[in-house]
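Before any comments, here is the structure.
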There are 2 protein chains.
Amino acid sequence: MSSSLRVALVQDRDRGSVDANLTRIEQQVAQAAAAGVRLVLLQELHNGAYFCQHQDVAEFDRAEAIPGPSSERLSALAAVHNVVLVASLFERRAAGLYHNTAVVFDADGRIAGRYRKMHIPDDPGFMEKFYFTPGDLGFEPIDTAVGRLGVLVCWDQWYPEAARLMALAGADLLLYPTAIGWDPRDESAEKLRQQDAWVISQRGHAVANGLPVLSCNRVGFEADPTGLGAGIQFWGSSFVAGPQGELLARAGDSDDELLIADVDLQRSENVRRIWPFLRDRRIDAYGDLTRRFRLP
Amino acid sequence: MSSSLRVALVQDRDRGSVDANLTRIEQQVAQAAAAGVRLVLLQELHNGAYFCQHQDVAEFDRAEAIPGPSSERLSALAAVHNVVLVASLFERRAAGLYHNTAVVFDADGRIAGRYRKMHIPDDPGFMEKFYFTPGDLGFEPIDTAVGRLGVLVCWDQWYPEAARLMALAGADLLLYPTAIGWDPRDESAEKLRQQDAWVISQRGHAVANGLPVLSCNRVGFEADPTGLGAGIQFWGSSFVAGPQGELLARAGDSDDELLIADVDLQRSENVRRIWPFLRDRRIDAYGDLTRRFRLP
């Protein structure tokens with residue numbers, strides 16, 4: 001296996017329907033494959049609107065079984081182009097039991113594995129605890145034709161524990177489908193701090209673990225269906241970072257974009273030799289990481 | 001207690017002797033105190049050269065008991081100016097038992113506590129495992145007149161686990177005395193990647209934990225005493241970041257500098273309300289963080 005891997009991130013706005021979104025994804029993946037891409041990352045919940053701005057039982061109609069109609073269409077897409085495809089679906093597991101699930105399709109189209117979002121936010125504009133049962137599959141990377149993928153989802157990106165557990169399980173890359181944006185009422189300085197913190201947090205996981213990080217974010221404005229909130233301006237800025245956290249490619253913050261980059265997997269080996277952080281972890285002193293807080 | 005705290009970082013080069021270094025520190029702390037500073041952070045092993053470029057038993061002569069001559073001088077300095085002072089000393093605990101120890105002097109000059117560096121590097125130019133026994137005091141913040149200080153040292157800065165454990169124990173600030181620099185033989189692109197990774201890693205701890213981070217680094221060139229290596233060009237760039245990882249102040253990379261900044265501790269409370277990461281940690285699924293690796 002060559003150490004160079006061409007990857008693509010499909011940063012997009014919601015195009016109004018499952019079919020319109022998947023059609024657009026099919027076009028973008030075809031374009032990526034024609035450019036030599038072997039791994040494609042889609043944004044979080046790419047089938048439709050980011051529906052978690054309100055709590056409405058009707059939104060559960062968006063969920064699908066996996067396998068199901070969307071996963072079958074994505075499976076065929078991966079197989080046709082011989083690419084590994086990391087998708088993000090609203091999974092219906094049973095009546096009253098739903099997950100925010102990343103599905104990894106191997107280059108032959110088969111489902112290589114799935115990751116159910118472990119950390120679930122619940123904040124104004126992002127009321128996910130209503131919709132998504134916290135994942136119960138743990139932090140387990142998924143083996144594919146292009147390597148072992150440490151797939152995490154959105155809110156997970158703020159947790160160094162999640163990235164570390166993926167690295168300790170041998171992940172070759174960390175991948176984040178995500179949907180994050182601004183409250184339009186915030187001041188521009190606060191907006192910049194938030195966006196910068198989001199990039200830093202994930203580049204920090206690359207540094208701490210000596211691994212490339214791919215993060216694919218949604219773009220465009222989506223109104224609050226209740227009319228009570230100001231909506232969300234998703235900030236795009238999807239990026240690819242190398243194992244020292246160095247930015248290899250970064251998309252803009254306002255338009256859809258097919259972001260392509262070459263990742264050199266040999267660099268992880270080299271960087272970990274000069275910065276052997278895994279060697280010196282004080283595992284004898286980390287026990288309290290499983291506590292909620294170390295004070296009463 | 002006001003939520004605004006004026007802090008100072010004393011970024012310096014080695015001035016050739018313990019007395020010359022401590023005299024300079026006394027001048028800088030006096031200047032900081034006159035400017036209203038209440039918390040001062042010194043760089044790692046500020047008493048002399050960064051001696052870990054080679055292995056020489058004679059270097060153990062630099063070590064001192066704590067309390068000892070240097071700590072008594074620093075204690076008096078803190079008391080005279082009524083500042084909390086975070087120092088970094090080569091601690092002689094017993095014959096053949098030495099630590100890289102941060103000592104915190106409270107504003108009345110008393111030793112508020114000490115932290116013994118937990119993660120010890122050992123790499124070309126940084127042969128610390130020869131000199132420093134890994135810390136055995138764990139990750140415990142230290143209470144002072146200006147708040148609860150999560151003091152860590154240099155190599156610790158690459159470990160999200162250390163920062164998290166301090167935050168979980170109620171730290172109000174994270175502080176890193178450090179001594180890191182370039183191998184002059186590296187190309188400039190590699191130098192920039194390393195320096196950037198160092199900043200990102202620590203700003204990432206600020207983001208993940210919703211805490212300000214202070215990092216005080218050495219500056220100047222120090223030759224390898226053996227003549228075999230190319231020496232180290234310490235890159236300075238000491239900085240203060242807020243709880244979203246935002247840079248509040250940053251020193252240059254080539255000169256000594258007294259870096260002063262105001263930290264608003266109330267912002268940690270506010271930031272943690274909009275980004276309540278501590279609420280959603282999956283402590284049920286973090287057990288493997290105490291493993292060396294999750295594969296055989």
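Chain labels run A, B, ... following the order of the structure tokens; each chain numbers its residues from 1, and ligands are numbered from 1 in the order shown.
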What are the nearest atom pairs, with distances in Å to one decimal, for all residues of chain B that come at most 6 Å from chain A, using only C-alpha atoms, set out by chain and rising residue number as CSV?
residue,atom,partner,partner_atom,distance
B:His119,CA,A:Asp280,CA,5.9
B:Trp158,CA,A:Ala208,CA,5.9
B:Leu168,CA,A:Phe293,CA,4.8
B:Ala169,CA,A:Arg294,CA,4.8
B:Ala197,CA,A:Gln244,CA,5.8
B:Ile200,CA,A:Gly204,CA,5.7
B:Ser201,CA,A:Gly204,CA,4.8
B:Gly204,CA,A:Ser201,CA,4.8
B:Ala208,CA,A:Trp158,CA,5.9
B:Gln244,CA,A:Ala197,CA,5.8
B:Gly245,CA,A:Ala197,CA,6.0
B:Asp280,CA,A:His119,CA,6.0
B:Ile283,CA,A:Thr290,CA,4.6
B:Tyr286,CA,A:Thr290,CA,5.8
B:Thr290,CA,A:Ile283,CA,4.6
B:Phe293,CA,A:Leu168,CA,4.8
B:Arg294,CA,A:Ala169,CA,4.8
B:Leu295,CA,A:Ala169,CA,5.9
Practice item. Mind checking which residues fall within 7 Å of Leu42 in chain B, counting only C-alpha atoms, ignoring those fewer than 5 positions away in the same chain, and posting them as a ChimeraX atom specification? Key: /B:9-10,86-88,177,216
Grab the residues selected above and save them as an mmCIF file, in the first residue's frame with N, CA and C atoms.
data_model
loop_
_atom_site.group_PDB
_atom_site.id
_atom_site.type_symbol
_atom_site.label_atom_id
_atom_site.label_comp_id
_atom_site.auth_asym_id
_atom_site.auth_seq_id
_atom_site.Cartn_x
_atom_site.Cartn_y
_atom_site.Cartn_z
ATOM 1 N N LEU B 9 4.451 36.255 32.658
ATOM 2 C CA LEU B 9 5.319 35.140 32.304
ATOM 3 C C LEU B 9 6.719 35.709 32.076
ATOM 4 N N VAL B 10 7.704 35.142 32.748
ATOM 5 C CA VAL B 10 9.081 35.633 32.610
ATOM 6 C C VAL B 10 9.830 34.730 31.632
ATOM 7 N N VAL B 86 5.085 30.760 40.466
ATOM 8 C CA VAL B 86 5.226 29.364 40.055
ATOM 9 C C VAL B 86 6.625 29.179 39.480
ATOM 10 N N ALA B 87 7.453 28.443 40.207
ATOM 11 C CA ALA B 87 8.847 28.245 39.839
ATOM 12 C C ALA B 87 9.071 26.804 39.385
ATOM 13 N N SER B 88 10.275 26.535 38.873
ATOM 14 C CA SER B 88 10.591 25.205 38.348
ATOM 15 C C SER B 88 12.017 24.863 38.745
ATOM 16 N N PRO B 177 5.416 25.647 32.979
ATOM 17 C CA PRO B 177 6.810 26.045 32.773
ATOM 18 C C PRO B 177 7.398 25.079 31.741
ATOM 19 N N CYS B 216 5.043 29.271 29.782
ATOM 20 C CA CYS B 216 6.248 30.120 29.796
ATOM 21 C C CYS B 216 7.455 29.323 29.328
#
Point to revise | Test item, helix (DSSP H, G or I) assignment across range 233-272 of chain A, answer as number ranges by chain | key: A: 266-272
Those residues with N, CA, C and O atoms, as a PDB file, in the first residue's frame please?
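Resulting contents of part-v4.pdb:
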ATOM      1  N   GLN A 266       2.841   7.692   5.943  1.00  0.00           N
ATOM      2  CA  GLN A 266       4.183   7.430   6.473  1.00  0.00           C
ATOM      3  C   GLN A 266       4.609   8.530   7.448  1.00  0.00           C
ATOM      4  O   GLN A 266       5.403   8.292   8.359  1.00  0.00           O
ATOM      5  N   ARG A 267       4.073   9.713   7.253  1.00  0.00           N
ATOM      6  CA  ARG A 267       4.434  10.811   8.156  1.00  0.00           C
ATOM      7  C   ARG A 267       4.014  10.542   9.599  1.00  0.00           C
ATOM      8  O   ARG A 267       4.682  10.995  10.540  1.00  0.00           O
ATOM      9  N   SER A 268       2.921   9.801   9.797  1.00  0.00           N
ATOM     10  CA  SER A 268       2.522   9.474  11.170  1.00  0.00           C
ATOM     11  C   SER A 268       3.613   8.662  11.848  1.00  0.00           C
ATOM     12  O   SER A 268       3.961   8.910  13.006  1.00  0.00           O
ATOM     13  N   GLU A 269       4.145   7.692  11.121  1.00  0.00           N
ATOM     14  CA  GLU A 269       5.249   6.886  11.658  1.00  0.00           C
ATOM     15  C   GLU A 269       6.431   7.783  12.020  1.00  0.00           C
ATOM     16  O   GLU A 269       6.995   7.686  13.113  1.00  0.00           O
ATOM     17  N   ASN A 270       6.785   8.678  11.115  1.00  0.00           N
ATOM     18  CA  ASN A 270       7.950   9.535  11.340  1.00  0.00           C
ATOM     19  C   ASN A 270       7.726  10.503  12.512  1.00  0.00           C
ATOM     20  O   ASN A 270       8.615  10.701  13.343  1.00  0.00           O
ATOM     21  N   VAL A 271       6.548  11.107  12.535  1.00  0.00           N
ATOM     22  CA  VAL A 271       6.267  12.076  13.597  1.00  0.00           C
ATOM     23  C   VAL A 271       6.247  11.384  14.961  1.00  0.00           C
ATOM     24  O   VAL A 271       6.759  11.913  15.950  1.00  0.00           O
ATOM     25  N   ARG A 272       5.679  10.197  15.010  1.00  0.00           N
ATOM     26  CA  ARG A 272       5.639   9.494  16.299  1.00  0.00           C
ATOM     27  C   ARG A 272       7.031   9.057  16.758  1.00  0.00           C
ATOM     28  O   ARG A 272       7.221   8.770  17.934  1.00  0.00           O
TER      29      ARG A 272
END
Exercise for review: Go through A:Leu45, A:Ala63, A:Ala171, A:Ile25 and flag the residue nearest Leu85 in chain A, using only C-alpha atoms for the distances.
Suggested key: A:Ile25
**Study point:** Secondary structure check, strand (DSSP E or B) residues of range 3-155 of chain B, as a ChimeraX atom specification
**Key:** /B:4-11,39-42,64,84-94,97-105,111-116,123,126,142-144,147-151
Dump as a PDB file, in the first residue's frame, selection limited to C-alpha atoms:
ATOM      1  CA  SER B   4      -9.860  39.647  36.533  1.00  0.00           C
ATOM      2  CA  LEU B   5      -6.378  38.382  37.280  1.00  0.00           C
ATOM      3  CA  ARG B   6      -3.229  40.049  35.986  1.00  0.00           C
ATOM      4  CA  VAL B   7      -0.538  37.483  35.244  1.00  0.00           C
ATOM      5  CA  ALA B   8       3.075  37.646  34.067  1.00  0.00           C
ATOM      6  CA  LEU B   9       5.319  35.140  32.304  1.00  0.00           C
ATOM      7  CA  VAL B  10       9.081  35.633  32.610  1.00  0.00           C
ATOM      8  CA  GLN B  11      10.526  34.365  29.327  1.00  0.00           C
ATOM      9  CA  LEU B  39       0.530  35.604  39.533  1.00  0.00           C
ATOM     10  CA  VAL B  40       3.970  35.039  37.962  1.00  0.00           C
ATOM     11  CA  LEU B  41       5.009  31.975  35.972  1.00  0.00           C
ATOM     12  CA  LEU B  42       8.687  31.180  35.380  1.00  0.00           C
ATOM     13  CA  GLU B  64      18.640  21.380  45.457  1.00  0.00           C
ATOM     14  CA  VAL B  84       1.884  33.977  43.735  1.00  0.00           C
ATOM     15  CA  LEU B  85       5.000  32.597  42.055  1.00  0.00           C
ATOM     16  CA  VAL B  86       5.226  29.364  40.055  1.00  0.00           C
ATOM     17  CA  ALA B  87       8.847  28.245  39.839  1.00  0.00           C
ATOM     18  CA  SER B  88      10.591  25.205  38.348  1.00  0.00           C
ATOM     19  CA  LEU B  89      13.491  23.572  40.170  1.00  0.00           C
ATOM     20  CA  PHE B  90      15.709  20.522  39.856  1.00  0.00           C
ATOM     21  CA  GLU B  91      14.751  18.820  43.103  1.00  0.00           C
ATOM     22  CA  ARG B  92      17.137  16.638  45.079  1.00  0.00           C
ATOM     23  CA  ARG B  93      14.890  14.365  47.106  1.00  0.00           C
ATOM     24  CA  ALA B  94      17.578  11.891  48.176  1.00  0.00           C
ATOM     25  CA  LEU B  97      16.488  10.409  43.523  1.00  0.00           C
ATOM     26  CA  TYR B  98      15.805  13.648  41.679  1.00  0.00           C
ATOM     27  CA  HIS B  99      12.721  15.273  40.176  1.00  0.00           C
ATOM     28  CA  ASN B 100      11.810  18.039  37.773  1.00  0.00           C
ATOM     29  CA  THR B 101       9.582  19.925  40.179  1.00  0.00           C
ATOM     30  CA  ALA B 102       7.346  22.952  39.932  1.00  0.00           C
ATOM     31  CA  VAL B 103       7.074  24.793  43.234  1.00  0.00           C
ATOM     32  CA  VAL B 104       4.198  27.137  43.941  1.00  0.00           C
ATOM     33  CA  PHE B 105       4.830  29.968  46.411  1.00  0.00           C
ATOM     34  CA  ILE B 111       5.210  26.914  49.725  1.00  0.00           C
ATOM     35  CA  ALA B 112       1.615  26.250  48.703  1.00  0.00           C
ATOM     36  CA  GLY B 113       2.536  22.966  47.061  1.00  0.00           C
ATOM     37  CA  ARG B 114       4.719  21.244  44.546  1.00  0.00           C
ATOM     38  CA  TYR B 115       4.127  19.249  41.360  1.00  0.00           C
ATOM     39  CA  ARG B 116       6.666  16.698  40.199  1.00  0.00           C
ATOM     40  CA  ASP B 123      14.955  12.104  22.981  1.00  0.00           C
ATOM     41  CA  PHE B 126      16.215  16.125  25.801  1.00  0.00           C
ATOM     42  CA  ILE B 142      -2.479  23.626  44.199  1.00  0.00           C
ATOM     43  CA  ASP B 143      -4.598  26.161  46.094  1.00  0.00           C
ATOM     44  CA  THR B 144      -3.284  29.720  46.298  1.00  0.00           C
ATOM     45  CA  GLY B 147      -7.062  30.403  42.732  1.00  0.00           C
ATOM     46  CA  ARG B 148      -6.480  26.713  42.263  1.00  0.00           C
ATOM     47  CA  LEU B 149      -3.508  26.211  39.938  1.00  0.00           C
ATOM     48  CA  GLY B 150      -3.194  23.207  37.642  1.00  0.00           C
ATOM     49  CA  VAL B 151       0.583  23.247  37.296  1.00  0.00           C
TER      50      VAL B 151
END
